[in-house]
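Engineer: Take a look at this one; I'll ask things after.
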Amino acid sequence: MDKLFRLKENNTNVRTELIAGITTFITMAYILIVNPLTLTAGGATGMDFNAVFVATALGAGLVTIMMGLFVNYPIALAPGMGLNAYFATVVISSGGAITWQIALASVFISGIIFFILTITKVRQLLLDAVPESIRAAITVGIGLFITIIGFKTSGLLTGFYIGKEGAKPFTEMSPNDWLLQLGNFVGHKEILLTIIGLLLTSILMVMRVQAAILLGIVVTTIIGIPMGVTNLSSLTTAQWVPDFSNLAIGQMDLAGALNAGLLTIVFTFTFVELFDTFGTLTGTAAKAGLLDKPDAKKRIGRAMLVDAGGVSLGALLGTSTITAYVESAAGVGQGGRTGLTSVTTGILFLLALFLAPLALVVPAQATAPALIIVGVLMMGAVRGVEWDNMVYAIPSFFTIVMMPLTSSIANGISFGIVFYVILATANNLAGGRNKIHWLMWTLALLIIARFLFIDINA
């Protein structure tokens, strides 16, 4: 085991890696239910809930195990949130012109594009092209993004409508019509449980208790039983044996995708996945201290190959884009440093095919504190930003704040790249000597084109 995963070299052990893998799985197990709900959209897309559930568990399990075995990184992968919503929107809004089979083919094609970009080492060039300050900002931004997810899923953070003309669609609201506010503690035991879990996990962290994050999740779940927050009904009502009939494996329509001319859709899948994966891989790897290794670039390249293969494999199985998950940072925060963490998480996803009711018992209020604490752990990377140099400080700031504020890693990186290219060019014209990699120019132009010509909220 030590030889396969180089445990001693990474200052870890089997126990720590197993706990880290369990922690990562628990924090992202929600995708097993959320992804089928999103892709089926209540039957609007034509996809079968059970078929998507099986594809989600199989895809996440297999690709995460591949990441552990072939790259030795503690990073888990699963169908990406946001991209699955975009997938469903494309199918529903097409009026029948784009079936879910055609949409799956678009995802498959984007995976092929990633594979080509990776073997030609274009994706790996991002490590050289993106300045160190912005790479540090990516880690911080992901930490805040994870924290916001924890706040929102627990109810600690809510949106509040203050318009005087009655309720109206969010897109029609002015900035003064709404604001974010702290959730109401009175009469909301869910929020109270989150606070209990947050205090408990924080205390365990301060006391340096091993497996603090995992223990916090488990104990908070147990405390939630008498409070009526932890719902045990799934243990008796949910299906323990998976239904393998009517699966969507191999049902994508490549011919239909090519005939439909889905260039914009494929571009969107490719673009968002490119930055999401780069951000998650580098941010999580940096937190684990893996980018300081001599073989860092080589392993990032292998990780991107696994990710590219995962995208296409997911489409073959019948689910939307499989991508690296920011929740992997929870396992890293628990001490995960090698692929054994990923293999553990992957095996649990495969077992979830038979143990889904058990995974459903853990409430969001038990995992939210873990995500918030992970945000704390990742904030330390803010020291790596050159705040006294505005050429780096401004792009880094936008990289950090745009991730949580727009719920998109890709948006944060996009703003950072565009602002850096513009500011570095301006500074160079004034006599500065800032390096601007050719790939940064290329990406900046693609980003601007995307924002100007593609409806990113479609």
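Residues in the structure tokens are named by chain (A, B, ... in the order shown) and by number from 1 within that chain; ligands are numbered from 1 in the order shown.
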Please return as a PyMOL selection string: the residues of region 302-366 of chain A that backbone DSSP assigns to helix (DSSP H, G or I).
Structural biologist: chain A and resi 302-317+328-333+339-361+364-366
Engineer: Can you tell me, as a short mmCIF file (atom, residue, chain, number, x, y, z; two decimals) with C-alpha atoms, in the first residue's frame, what residues are no more than 10 Å from region 53-55 of chain A when counting only C-alpha atoms, ignoring any on the same chain fewer than 2 positions away?
Structural biologist:
```cif
data_model
loop_
_atom_site.label_atom_id
_atom_site.label_comp_id
_atom_site.auth_asym_id
_atom_site.auth_seq_id
_atom_site.Cartn_x
_atom_site.Cartn_y
_atom_site.Cartn_z
CA ILE A 31 -24.77 14.69 -5.89
CA LEU A 32 -26.23 11.16 -5.97
CA ILE A 33 -29.70 12.64 -5.59
CA VAL A 34 -29.26 16.21 -6.81
CA ASN A 35 -27.83 15.19 -10.19
CA PRO A 36 -30.73 12.88 -11.12
CA LEU A 37 -33.20 15.52 -9.93
CA LEU A 39 -31.05 16.16 -15.22
CA ASP A 48 -35.06 8.42 -16.26
CA PHE A 49 -34.25 9.24 -12.61
CA ASN A 50 -32.93 5.77 -11.77
CA ALA A 51 -30.82 5.64 -14.94
CA ALA A 57 -22.68 6.60 -8.87
CA LEU A 58 -20.81 4.56 -11.49
CA GLY A 59 -19.24 7.59 -13.16
CA ALA A 60 -18.14 9.25 -9.93
CA GLY A 61 -16.85 5.97 -8.51
CA PRO A 79 -21.09 15.22 -12.44
CA PRO A 242 -30.37 -0.70 -7.43
CA ASP A 243 -32.55 -1.05 -10.51
CA PHE A 244 -30.32 -1.71 -13.51
CA LEU A 247 -30.24 2.49 -18.15
CA ALA A 248 -28.94 5.21 -20.47
CA ILE A 249 -25.55 3.58 -21.08
CA LEU A 313 -17.05 8.19 -19.87
CA GLY A 314 -19.80 10.02 -18.01
CA ALA A 315 -21.56 10.76 -21.29
CA LEU A 316 -21.31 7.08 -22.26
CA LEU A 317 -22.82 6.08 -18.93
CA GLY A 318 -25.63 8.59 -19.27
CA THR A 319 -24.79 11.67 -17.22
CA SER A 320 -23.58 15.22 -17.79
CA LEU A 350 -19.81 2.40 -6.08
CA ALA A 352 -23.70 3.83 -2.79
CA LEU A 353 -25.50 1.90 -5.52
CA ALA A 356 -27.94 5.00 -1.05
#
```
Engineer: Excluding Gly301 (chain A) and any residue of its chain fewer than 3 positions from it, enumerate the residues within 12 Å of it, using only C-alpha atoms, and give them as a ChimeraX atom specification.
Structural biologist: /A:67,70-71,73,114-127,277-278,281-282,295-298,304-308
Engineer: Sorted by chain and rising residue number, which residues of region 70-149 of chain A lie within 8 Å of region 395-401 of chain A, and what are their closest atom pairs and distances in Å to one decimal, counting only C-alpha atoms, as a Markdown table?
Structural biologist:
```
| residue | atom | partner | partner_atom | distance |
| --- | --- | --- | --- | --- |
| A:Ser133 | CA | A:Ser396 | CA | 6.5 |
| A:Ile134 | CA | A:Ser396 | CA | 5.0 |
| A:Ala137 | CA | A:Ser396 | CA | 5.3 |
| A:Ile138 | CA | A:Thr399 | CA | 6.3 |
| A:Val140 | CA | A:Ile400 | CA | 6.1 |
| A:Gly141 | CA | A:Ile400 | CA | 3.9 |
| A:Ile142 | CA | A:Ile400 | CA | 7.6 |
| A:Leu144 | CA | A:Ile400 | CA | 7.7 |
```
Engineer: Next, write the just-selected residues to a file, as a PDB file, in the first residue's frame, keeping all heavy atoms as the atom set.
Structural biologist:
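Saved as selection-v8.pdb:
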```
ATOM      1  N   SER A 133       0.421  34.662  -8.212  1.00  0.00           N
ATOM      2  CA  SER A 133      -0.548  35.375  -7.373  1.00  0.00           C
ATOM      3  C   SER A 133      -1.973  34.948  -7.701  1.00  0.00           C
ATOM      4  O   SER A 133      -2.809  34.734  -6.811  1.00  0.00           O
ATOM      5  CB  SER A 133      -0.408  36.890  -7.555  1.00  0.00           C
ATOM      6  OG  SER A 133       0.738  37.385  -6.912  1.00  0.00           O
ATOM      7  N   ILE A 134      -2.260  34.810  -8.979  1.00  0.00           N
ATOM      8  CA  ILE A 134      -3.611  34.415  -9.380  1.00  0.00           C
ATOM      9  C   ILE A 134      -3.860  32.959  -9.024  1.00  0.00           C
ATOM     10  O   ILE A 134      -4.975  32.591  -8.633  1.00  0.00           O
ATOM     11  CB  ILE A 134      -3.830  34.661 -10.882  1.00  0.00           C
ATOM     12  CG1 ILE A 134      -3.728  36.171 -11.178  1.00  0.00           C
ATOM     13  CG2 ILE A 134      -5.185  34.126 -11.342  1.00  0.00           C
ATOM     14  CD1 ILE A 134      -3.937  36.535 -12.630  1.00  0.00           C
ATOM     15  N   ALA A 137      -4.763  33.022  -5.552  1.00  0.00           N
ATOM     16  CA  ALA A 137      -6.114  33.576  -5.429  1.00  0.00           C
ATOM     17  C   ALA A 137      -7.171  32.534  -5.771  1.00  0.00           C
ATOM     18  O   ALA A 137      -8.268  32.532  -5.198  1.00  0.00           O
ATOM     19  CB  ALA A 137      -6.257  34.793  -6.337  1.00  0.00           C
ATOM     20  N   ILE A 138      -6.859  31.643  -6.704  1.00  0.00           N
ATOM     21  CA  ILE A 138      -7.795  30.579  -7.065  1.00  0.00           C
ATOM     22  C   ILE A 138      -8.086  29.700  -5.855  1.00  0.00           C
ATOM     23  O   ILE A 138      -9.237  29.352  -5.585  1.00  0.00           O
ATOM     24  CB  ILE A 138      -7.222  29.733  -8.224  1.00  0.00           C
ATOM     25  CG1 ILE A 138      -7.222  30.547  -9.528  1.00  0.00           C
ATOM     26  CG2 ILE A 138      -8.028  28.446  -8.404  1.00  0.00           C
ATOM     27  CD1 ILE A 138      -6.505  29.863 -10.676  1.00  0.00           C
ATOM     28  N   VAL A 140      -7.867  30.551  -2.691  1.00  0.00           N
ATOM     29  CA  VAL A 140      -8.675  31.331  -1.752  1.00  0.00           C
ATOM     30  C   VAL A 140     -10.117  31.422  -2.240  1.00  0.00           C
ATOM     31  O   VAL A 140     -11.075  31.249  -1.464  1.00  0.00           O
ATOM     32  CB  VAL A 140      -8.093  32.748  -1.569  1.00  0.00           C
ATOM     33  CG1 VAL A 140      -8.961  33.564  -0.614  1.00  0.00           C
ATOM     34  CG2 VAL A 140      -6.662  32.675  -1.054  1.00  0.00           C
ATOM     35  N   GLY A 141     -10.291  31.709  -3.531  1.00  0.00           N
ATOM     36  CA  GLY A 141     -11.630  31.835  -4.092  1.00  0.00           C
ATOM     37  C   GLY A 141     -12.425  30.559  -3.951  1.00  0.00           C
ATOM     38  O   GLY A 141     -13.624  30.584  -3.614  1.00  0.00           O
ATOM     39  N   ILE A 142     -11.774  29.416  -4.193  1.00  0.00           N
ATOM     40  CA  ILE A 142     -12.451  28.129  -4.033  1.00  0.00           C
ATOM     41  C   ILE A 142     -12.855  27.927  -2.572  1.00  0.00           C
ATOM     42  O   ILE A 142     -13.945  27.425  -2.277  1.00  0.00           O
ATOM     43  CB  ILE A 142     -11.550  26.978  -4.520  1.00  0.00           C
ATOM     44  CG1 ILE A 142     -11.396  27.035  -6.046  1.00  0.00           C
ATOM     45  CG2 ILE A 142     -12.110  25.624  -4.103  1.00  0.00           C
ATOM     46  CD1 ILE A 142     -10.428  26.023  -6.603  1.00  0.00           C
ATOM     47  N   LEU A 144     -13.640  30.250  -0.391  1.00  0.00           N
ATOM     48  CA  LEU A 144     -14.827  31.072  -0.130  1.00  0.00           C
ATOM     49  C   LEU A 144     -16.055  30.501  -0.820  1.00  0.00           C
ATOM     50  O   LEU A 144     -17.172  30.557  -0.283  1.00  0.00           O
ATOM     51  CB  LEU A 144     -14.572  32.506  -0.604  1.00  0.00           C
ATOM     52  CG  LEU A 144     -13.580  33.326   0.222  1.00  0.00           C
ATOM     53  CD1 LEU A 144     -13.383  34.706  -0.401  1.00  0.00           C
ATOM     54  CD2 LEU A 144     -14.059  33.474   1.658  1.00  0.00           C
TER      55      LEU A 144
END
```
Engineer: Counting only C-alpha atoms, what is within 10 Å of Ala76 (chain A), bar same-chain residues fewer than 4 positions away, as an mmCIF file with all heavy atoms, in the first residue's frame?
Structural biologist:
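Result file follows (around.cif):
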```cif
data_model
loop_
_atom_site.group_PDB
_atom_site.id
_atom_site.type_symbol
_atom_site.label_atom_id
_atom_site.label_comp_id
_atom_site.auth_asym_id
_atom_site.auth_seq_id
_atom_site.Cartn_x
_atom_site.Cartn_y
_atom_site.Cartn_z
ATOM 1 N N GLY A 21 -10.878 10.013 2.748
ATOM 2 C CA GLY A 21 -11.738 9.557 1.657
ATOM 3 C C GLY A 21 -13.197 9.495 2.060
ATOM 4 O O GLY A 21 -14.086 9.877 1.291
ATOM 5 N N THR A 24 -14.512 13.127 2.255
ATOM 6 C CA THR A 24 -14.813 13.668 0.926
ATOM 7 C C THR A 24 -16.131 13.107 0.403
ATOM 8 O O THR A 24 -16.970 13.843 -0.120
ATOM 9 C CB THR A 24 -13.684 13.338 -0.068
ATOM 10 O OG1 THR A 24 -12.477 13.997 0.345
ATOM 11 C CG2 THR A 24 -14.042 13.820 -1.469
ATOM 12 N N PHE A 25 -16.320 11.796 0.553
ATOM 13 C CA PHE A 25 -17.555 11.181 0.059
ATOM 14 C C PHE A 25 -18.786 11.766 0.738
ATOM 15 O O PHE A 25 -19.776 12.119 0.075
ATOM 16 C CB PHE A 25 -17.524 9.671 0.288
ATOM 17 C CG PHE A 25 -18.842 9.004 -0.009
ATOM 18 C CD1 PHE A 25 -19.259 8.810 -1.320
ATOM 19 C CD2 PHE A 25 -19.681 8.611 1.022
ATOM 20 C CE1 PHE A 25 -20.487 8.226 -1.600
ATOM 21 C CE2 PHE A 25 -20.909 8.029 0.756
ATOM 22 C CZ PHE A 25 -21.312 7.836 -0.564
ATOM 23 N N MET A 28 -19.822 15.198 -0.483
ATOM 24 C CA MET A 28 -20.314 15.339 -1.850
ATOM 25 C C MET A 28 -21.353 14.279 -2.232
ATOM 26 O O MET A 28 -21.770 14.197 -3.388
ATOM 27 C CB MET A 28 -19.152 15.316 -2.844
ATOM 28 C CG MET A 28 -18.332 14.053 -2.853
ATOM 29 S SD MET A 28 -16.871 14.141 -3.952
ATOM 30 C CE MET A 28 -17.629 14.136 -5.570
ATOM 31 N N ALA A 60 -18.932 8.659 -11.008
ATOM 32 C CA ALA A 60 -18.136 9.251 -9.932
ATOM 33 C C ALA A 60 -17.191 8.223 -9.331
ATOM 34 O O ALA A 60 -16.011 8.518 -9.079
ATOM 35 C CB ALA A 60 -19.060 9.814 -8.849
ATOM 36 N N GLY A 61 -17.678 7.002 -9.121
ATOM 37 C CA GLY A 61 -16.855 5.973 -8.515
ATOM 38 C C GLY A 61 -15.668 5.576 -9.388
ATOM 39 O O GLY A 61 -14.519 5.568 -8.939
ATOM 40 N N VAL A 63 -14.269 7.084 -12.121
ATOM 41 C CA VAL A 63 -13.314 8.136 -12.481
ATOM 42 C C VAL A 63 -12.499 8.577 -11.264
ATOM 43 O O VAL A 63 -11.301 8.871 -11.368
ATOM 44 C CB VAL A 63 -14.035 9.344 -13.117
ATOM 45 C CG1 VAL A 63 -13.032 10.428 -13.490
ATOM 46 C CG2 VAL A 63 -14.808 8.908 -14.356
ATOM 47 N N THR A 64 -13.127 8.597 -10.094
ATOM 48 C CA THR A 64 -12.401 8.973 -8.874
ATOM 49 C C THR A 64 -11.344 7.918 -8.542
ATOM 50 O O THR A 64 -10.224 8.254 -8.122
ATOM 51 C CB THR A 64 -13.374 9.136 -7.694
ATOM 52 O OG1 THR A 64 -14.306 10.181 -7.990
ATOM 53 C CG2 THR A 64 -12.632 9.500 -6.420
ATOM 54 N N ILE A 65 -11.684 6.652 -8.722
ATOM 55 C CA ILE A 65 -10.696 5.580 -8.507
ATOM 56 C C ILE A 65 -9.545 5.720 -9.509
ATOM 57 O O ILE A 65 -8.365 5.533 -9.168
ATOM 58 C CB ILE A 65 -11.364 4.200 -8.634
ATOM 59 C CG1 ILE A 65 -12.296 3.962 -7.436
ATOM 60 C CG2 ILE A 65 -10.310 3.093 -8.711
ATOM 61 C CD1 ILE A 65 -13.126 2.703 -7.537
ATOM 62 N N MET A 66 -9.867 6.064 -10.759
ATOM 63 C CA MET A 66 -8.829 6.291 -11.767
ATOM 64 C C MET A 66 -7.899 7.420 -11.336
ATOM 65 O O MET A 66 -6.666 7.326 -11.501
ATOM 66 C CB MET A 66 -9.480 6.628 -13.109
ATOM 67 C CG MET A 66 -10.154 5.448 -13.800
ATOM 68 S SD MET A 66 -11.222 5.969 -15.184
ATOM 69 C CE MET A 66 -10.030 6.863 -16.195
ATOM 70 N N MET A 67 -8.462 8.486 -10.771
ATOM 71 C CA MET A 67 -7.639 9.601 -10.308
ATOM 72 C C MET A 67 -6.681 9.139 -9.219
ATOM 73 O O MET A 67 -5.505 9.532 -9.184
ATOM 74 C CB MET A 67 -8.533 10.729 -9.778
ATOM 75 C CG MET A 67 -7.781 11.950 -9.262
ATOM 76 S SD MET A 67 -6.887 12.857 -10.554
ATOM 77 C CE MET A 67 -8.260 13.705 -11.376
ATOM 78 N N GLY A 68 -7.150 8.286 -8.335
ATOM 79 C CA GLY A 68 -6.307 7.800 -7.256
ATOM 80 C C GLY A 68 -5.214 6.866 -7.727
ATOM 81 O O GLY A 68 -4.062 6.980 -7.302
ATOM 82 N N LEU A 281 -8.195 21.458 -9.495
ATOM 83 C CA LEU A 281 -6.976 20.659 -9.406
ATOM 84 C C LEU A 281 -5.835 21.431 -8.752
ATOM 85 O O LEU A 281 -5.186 20.940 -7.824
ATOM 86 C CB LEU A 281 -6.545 20.189 -10.795
ATOM 87 C CG LEU A 281 -7.367 19.076 -11.453
ATOM 88 C CD1 LEU A 281 -6.837 18.784 -12.849
ATOM 89 C CD2 LEU A 281 -7.337 17.810 -10.611
ATOM 90 N N THR A 323 -16.524 16.143 -13.459
ATOM 91 C CA THR A 323 -15.425 17.081 -13.245
ATOM 92 C C THR A 323 -14.886 16.959 -11.832
ATOM 93 O O THR A 323 -15.520 16.359 -10.948
ATOM 94 C CB THR A 323 -15.905 18.527 -13.489
ATOM 95 O OG1 THR A 323 -14.810 19.436 -13.362
ATOM 96 C CG2 THR A 323 -16.988 18.916 -12.488
ATOM 97 N N ALA A 324 -13.707 17.530 -11.589
ATOM 98 C CA ALA A 324 -13.119 17.534 -10.248
ATOM 99 C C ALA A 324 -14.000 18.349 -9.311
ATOM 100 O O ALA A 324 -14.546 19.381 -9.698
ATOM 101 C CB ALA A 324 -11.710 18.121 -10.303
ATOM 102 N N TYR A 325 -14.128 17.888 -8.073
ATOM 103 C CA TYR A 325 -15.037 18.513 -7.110
ATOM 104 C C TYR A 325 -14.300 19.308 -6.042
ATOM 105 O O TYR A 325 -13.321 18.819 -5.460
ATOM 106 C CB TYR A 325 -15.897 17.434 -6.440
ATOM 107 C CG TYR A 325 -17.324 17.452 -6.939
ATOM 108 C CD1 TYR A 325 -17.609 17.211 -8.278
ATOM 109 C CD2 TYR A 325 -18.379 17.748 -6.094
ATOM 110 C CE1 TYR A 325 -18.901 17.240 -8.755
ATOM 111 C CE2 TYR A 325 -19.690 17.787 -6.558
ATOM 112 C CZ TYR A 325 -19.945 17.529 -7.885
ATOM 113 O OH TYR A 325 -21.238 17.567 -8.356
ATOM 114 N N VAL A 326 -14.808 20.511 -5.795
ATOM 115 C CA VAL A 326 -14.188 21.355 -4.778
ATOM 116 C C VAL A 326 -14.313 20.732 -3.394
ATOM 117 O O VAL A 326 -13.505 21.012 -2.503
ATOM 118 C CB VAL A 326 -14.813 22.770 -4.766
ATOM 119 C CG1 VAL A 326 -14.466 23.519 -6.022
ATOM 120 C CG2 VAL A 326 -16.325 22.710 -4.595
ATOM 121 N N GLU A 327 -15.317 19.876 -3.192
ATOM 122 C CA GLU A 327 -15.472 19.215 -1.895
ATOM 123 C C GLU A 327 -14.304 18.294 -1.576
ATOM 124 O O GLU A 327 -14.162 17.850 -0.431
ATOM 125 C CB GLU A 327 -16.784 18.423 -1.864
ATOM 126 C CG GLU A 327 -18.031 19.262 -1.656
ATOM 127 C CD GLU A 327 -18.562 19.858 -2.948
ATOM 128 O OE1 GLU A 327 -17.901 19.710 -4.007
ATOM 129 O OE2 GLU A 327 -19.628 20.478 -2.924
ATOM 130 N N SER A 328 -13.467 18.011 -2.578
ATOM 131 C CA SER A 328 -12.258 17.217 -2.333
ATOM 132 C C SER A 328 -11.391 17.895 -1.274
ATOM 133 O O SER A 328 -10.622 17.231 -0.560
ATOM 134 C CB SER A 328 -11.447 17.059 -3.626
ATOM 135 O OG SER A 328 -12.204 16.451 -4.645
ATOM 136 N N ALA A 329 -11.524 19.206 -1.181
ATOM 137 C CA ALA A 329 -10.745 19.957 -0.193
ATOM 138 C C ALA A 329 -11.092 19.542 1.227
ATOM 139 O O ALA A 329 -10.279 19.703 2.142
ATOM 140 C CB ALA A 329 -10.978 21.456 -0.365
ATOM 141 N N GLY A 331 -11.545 16.452 2.211
ATOM 142 C CA GLY A 331 -10.657 15.326 2.481
ATOM 143 C C GLY A 331 -9.225 15.768 2.689
ATOM 144 O O GLY A 331 -8.519 15.243 3.556
ATOM 145 N N GLY A 339 -3.532 9.233 -3.523
ATOM 146 C CA GLY A 339 -4.636 8.651 -4.260
ATOM 147 C C GLY A 339 -5.455 7.669 -3.456
ATOM 148 O O GLY A 339 -6.571 7.308 -3.858
ATOM 149 N N THR A 341 -6.913 8.302 -0.782
ATOM 150 C CA THR A 341 -8.112 9.069 -0.427
ATOM 151 C C THR A 341 -9.149 8.967 -1.537
ATOM 152 O O THR A 341 -10.335 8.705 -1.291
ATOM 153 C CB THR A 341 -7.739 10.551 -0.187
ATOM 154 O OG1 THR A 341 -6.930 10.659 0.980
ATOM 155 C CG2 THR A 341 -8.995 11.401 0.010
ATOM 156 N N SER A 342 -8.719 9.168 -2.768
ATOM 157 C CA SER A 342 -9.629 9.113 -3.912
ATOM 158 C C SER A 342 -10.192 7.714 -4.120
ATOM 159 O O SER A 342 -11.384 7.556 -4.403
ATOM 160 C CB SER A 342 -8.912 9.569 -5.184
ATOM 161 O OG SER A 342 -8.518 10.918 -5.087
ATOM 162 N N VAL A 343 -9.348 6.704 -3.988
ATOM 163 C CA VAL A 343 -9.814 5.333 -4.162
ATOM 164 C C VAL A 343 -10.890 5.012 -3.125
ATOM 165 O O VAL A 343 -11.908 4.382 -3.437
ATOM 166 C CB VAL A 343 -8.635 4.337 -4.047
ATOM 167 C CG1 VAL A 343 -9.149 2.900 -4.005
ATOM 168 C CG2 VAL A 343 -7.688 4.518 -5.223
ATOM 169 N N THR A 344 -10.682 5.463 -1.898
ATOM 170 C CA THR A 344 -11.673 5.249 -0.841
ATOM 171 C C THR A 344 -12.997 5.915 -1.206
ATOM 172 O O THR A 344 -14.069 5.306 -1.102
ATOM 173 C CB THR A 344 -11.162 5.813 0.495
ATOM 174 O OG1 THR A 344 -9.925 5.195 0.833
ATOM 175 C CG2 THR A 344 -12.184 5.577 1.601
ATOM 176 N N THR A 345 -12.916 7.170 -1.639
ATOM 177 C CA THR A 345 -14.133 7.896 -2.037
ATOM 178 C C THR A 345 -14.813 7.201 -3.205
ATOM 179 O O THR A 345 -16.044 7.050 -3.226
ATOM 180 C CB THR A 345 -13.774 9.341 -2.435
ATOM 181 O OG1 THR A 345 -13.130 9.994 -1.342
ATOM 182 C CG2 THR A 345 -15.034 10.119 -2.816
ATOM 183 N N GLY A 346 -14.029 6.779 -4.198
ATOM 184 C CA GLY A 346 -14.585 6.119 -5.369
ATOM 185 C C GLY A 346 -15.299 4.825 -5.022
ATOM 186 O O GLY A 346 -16.389 4.534 -5.534
#
```
Engineer: If you run DSSP on the backbone, which residues of region 29-207 of chain A are strand (DSSP E or B), as an mmCIF file with N, CA, C and O atoms, in the first residue's frame?
Structural biologist:
```
data_model
loop_
_atom_site.group_PDB
_atom_site.id
_atom_site.type_symbol
_atom_site.label_atom_id
_atom_site.label_comp_id
_atom_site.auth_asym_id
_atom_site.auth_seq_id
_atom_site.Cartn_x
_atom_site.Cartn_y
_atom_site.Cartn_z
ATOM 1 N N LEU A 77 -14.069 13.112 -8.318
ATOM 2 C CA LEU A 77 -14.779 13.674 -9.467
ATOM 3 C C LEU A 77 -16.209 13.135 -9.504
ATOM 4 O O LEU A 77 -16.475 12.008 -9.087
ATOM 5 N N ALA A 78 -17.107 13.951 -10.027
ATOM 6 C CA ALA A 78 -18.514 13.572 -10.158
ATOM 7 C C ALA A 78 -19.170 14.551 -11.124
ATOM 8 O O ALA A 78 -18.564 15.566 -11.494
ATOM 9 N N PRO A 79 -20.392 14.271 -11.569
ATOM 10 C CA PRO A 79 -21.094 15.217 -12.440
ATOM 11 C C PRO A 79 -21.156 16.603 -11.810
ATOM 12 O O PRO A 79 -21.561 16.750 -10.652
ATOM 13 N N LEU A 157 -27.320 31.392 5.401
ATOM 14 C CA LEU A 157 -27.347 32.531 4.491
ATOM 15 C C LEU A 157 -28.568 32.402 3.585
ATOM 16 O O LEU A 157 -28.779 31.363 2.963
ATOM 17 N N THR A 158 -29.370 33.447 3.525
ATOM 18 C CA THR A 158 -30.574 33.413 2.698
ATOM 19 C C THR A 158 -30.695 34.693 1.881
ATOM 20 O O THR A 158 -30.077 35.711 2.187
ATOM 21 N N GLY A 159 -31.497 34.619 0.827
ATOM 22 C CA GLY A 159 -31.794 35.802 0.032
ATOM 23 C C GLY A 159 -33.071 36.452 0.554
ATOM 24 O O GLY A 159 -34.009 35.765 0.972
ATOM 25 N N PHE A 160 -33.115 37.763 0.531
ATOM 26 C CA PHE A 160 -34.266 38.476 1.072
ATOM 27 C C PHE A 160 -34.754 39.514 0.064
ATOM 28 O O PHE A 160 -34.007 40.383 -0.368
ATOM 29 N N TYR A 161 -36.021 39.386 -0.331
ATOM 30 C CA TYR A 161 -36.610 40.311 -1.295
ATOM 31 C C TYR A 161 -37.182 41.521 -0.567
ATOM 32 O O TYR A 161 -37.991 41.391 0.350
ATOM 33 N N TRP A 178 -33.149 43.327 -3.519
ATOM 34 C CA TRP A 178 -32.840 42.134 -2.749
ATOM 35 C C TRP A 178 -31.499 42.294 -2.041
ATOM 36 O O TRP A 178 -30.695 43.145 -2.388
ATOM 37 N N LEU A 179 -31.303 41.476 -1.026
ATOM 38 C CA LEU A 179 -30.031 41.448 -0.308
ATOM 39 C C LEU A 179 -29.862 40.088 0.345
ATOM 40 O O LEU A 179 -30.812 39.314 0.477
ATOM 41 N N LEU A 180 -28.628 39.795 0.712
ATOM 42 C CA LEU A 180 -28.330 38.566 1.433
ATOM 43 C C LEU A 180 -28.384 38.851 2.921
ATOM 44 O O LEU A 180 -27.978 39.928 3.364
ATOM 45 N N GLN A 181 -28.892 37.904 3.662
ATOM 46 C CA GLN A 181 -28.973 38.122 5.102
ATOM 47 C C GLN A 181 -28.756 36.813 5.852
ATOM 48 O O GLN A 181 -28.807 35.730 5.268
ATOM 49 N N LEU A 182 -28.509 36.950 7.153
ATOM 50 C CA LEU A 182 -28.336 35.797 8.019
ATOM 51 C C LEU A 182 -29.679 35.099 8.188
ATOM 52 O O LEU A 182 -30.719 35.747 8.300
#
```
Engineer: For CA of Trp441 (chain A) and CA of Ile413 (chain A), quote the distance in Å rounded to one decimal.
Structural biologist: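 About the pair CA of Trp441 (chain A) and CA of Ile413 (chain A): they are 13.8 Å apart.
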Engineer: I'd like the contact shell of Ile196 (chain A) - 12 Å cut-off, only C-alpha atoms, skipping same-chain residues fewer than 3 positions apart - returned as a PyMOL selection string.
Structural biologist: chain A and resi 154+189-193+199-203+216-217+219-224+227+365-370
Engineer: For region 423-427 of chain A, work out the shell of residues within 6 Å, counting only C-alpha atoms and skipping chain neighbours fewer than 5 positions away, then give it as an MDAnalysis selection string.
Structural biologist: chainID A and resid 391 432 434
Engineer: Now that the selection is made, can you save its residues with C-alpha atoms as a PDB file, in the first residue's frame?
Structural biologist:
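What follows is the written file part-v5.pdb:
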```pdb
ATOM      1  CA  VAL A 391      -0.924  44.403 -11.519  1.00  0.00           C
ATOM      2  CA  GLY A 432       6.928  47.785 -16.600  1.00  0.00           C
ATOM      3  CA  ASN A 434       5.363  41.955 -16.690  1.00  0.00           C
TER       4      ASN A 434
END
```
Engineer: CA of Thr139 (chain A) and CA of Ile447 (chain A) are how many Å apart?
Structural biologist: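 We find that CA of Thr139 (chain A) and CA of Ile447 (chain A) lie 20.5 Å from each other.
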Engineer: Quick one: distance from CA of Phe185 (chain A) to CA of Leu215 (chain A) in Å, one decimal?
Structural biologist: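 Here the two named atoms are 24.3 Å from each other.
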Engineer: For Asn259 (chain A), work out the shell of residues within 12 Å, counting only C-alpha atoms and skipping chain neighbours fewer than 6 positions away, then give it as a list in words.
Structural biologist: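 Selected residues are Ala97, Ile98, Ile102, Ala105, Ser106 and Asp253 of chain A.
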Engineer: Choose the residue, out of A:Phe415, A:Phe451, A:Trp240, A:Phe151, that has the smallest atom-to-atom separation from Gly375 (chain A); count only C-alpha atoms.
Structural biologist: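 Closest candidate: A:Phe151.
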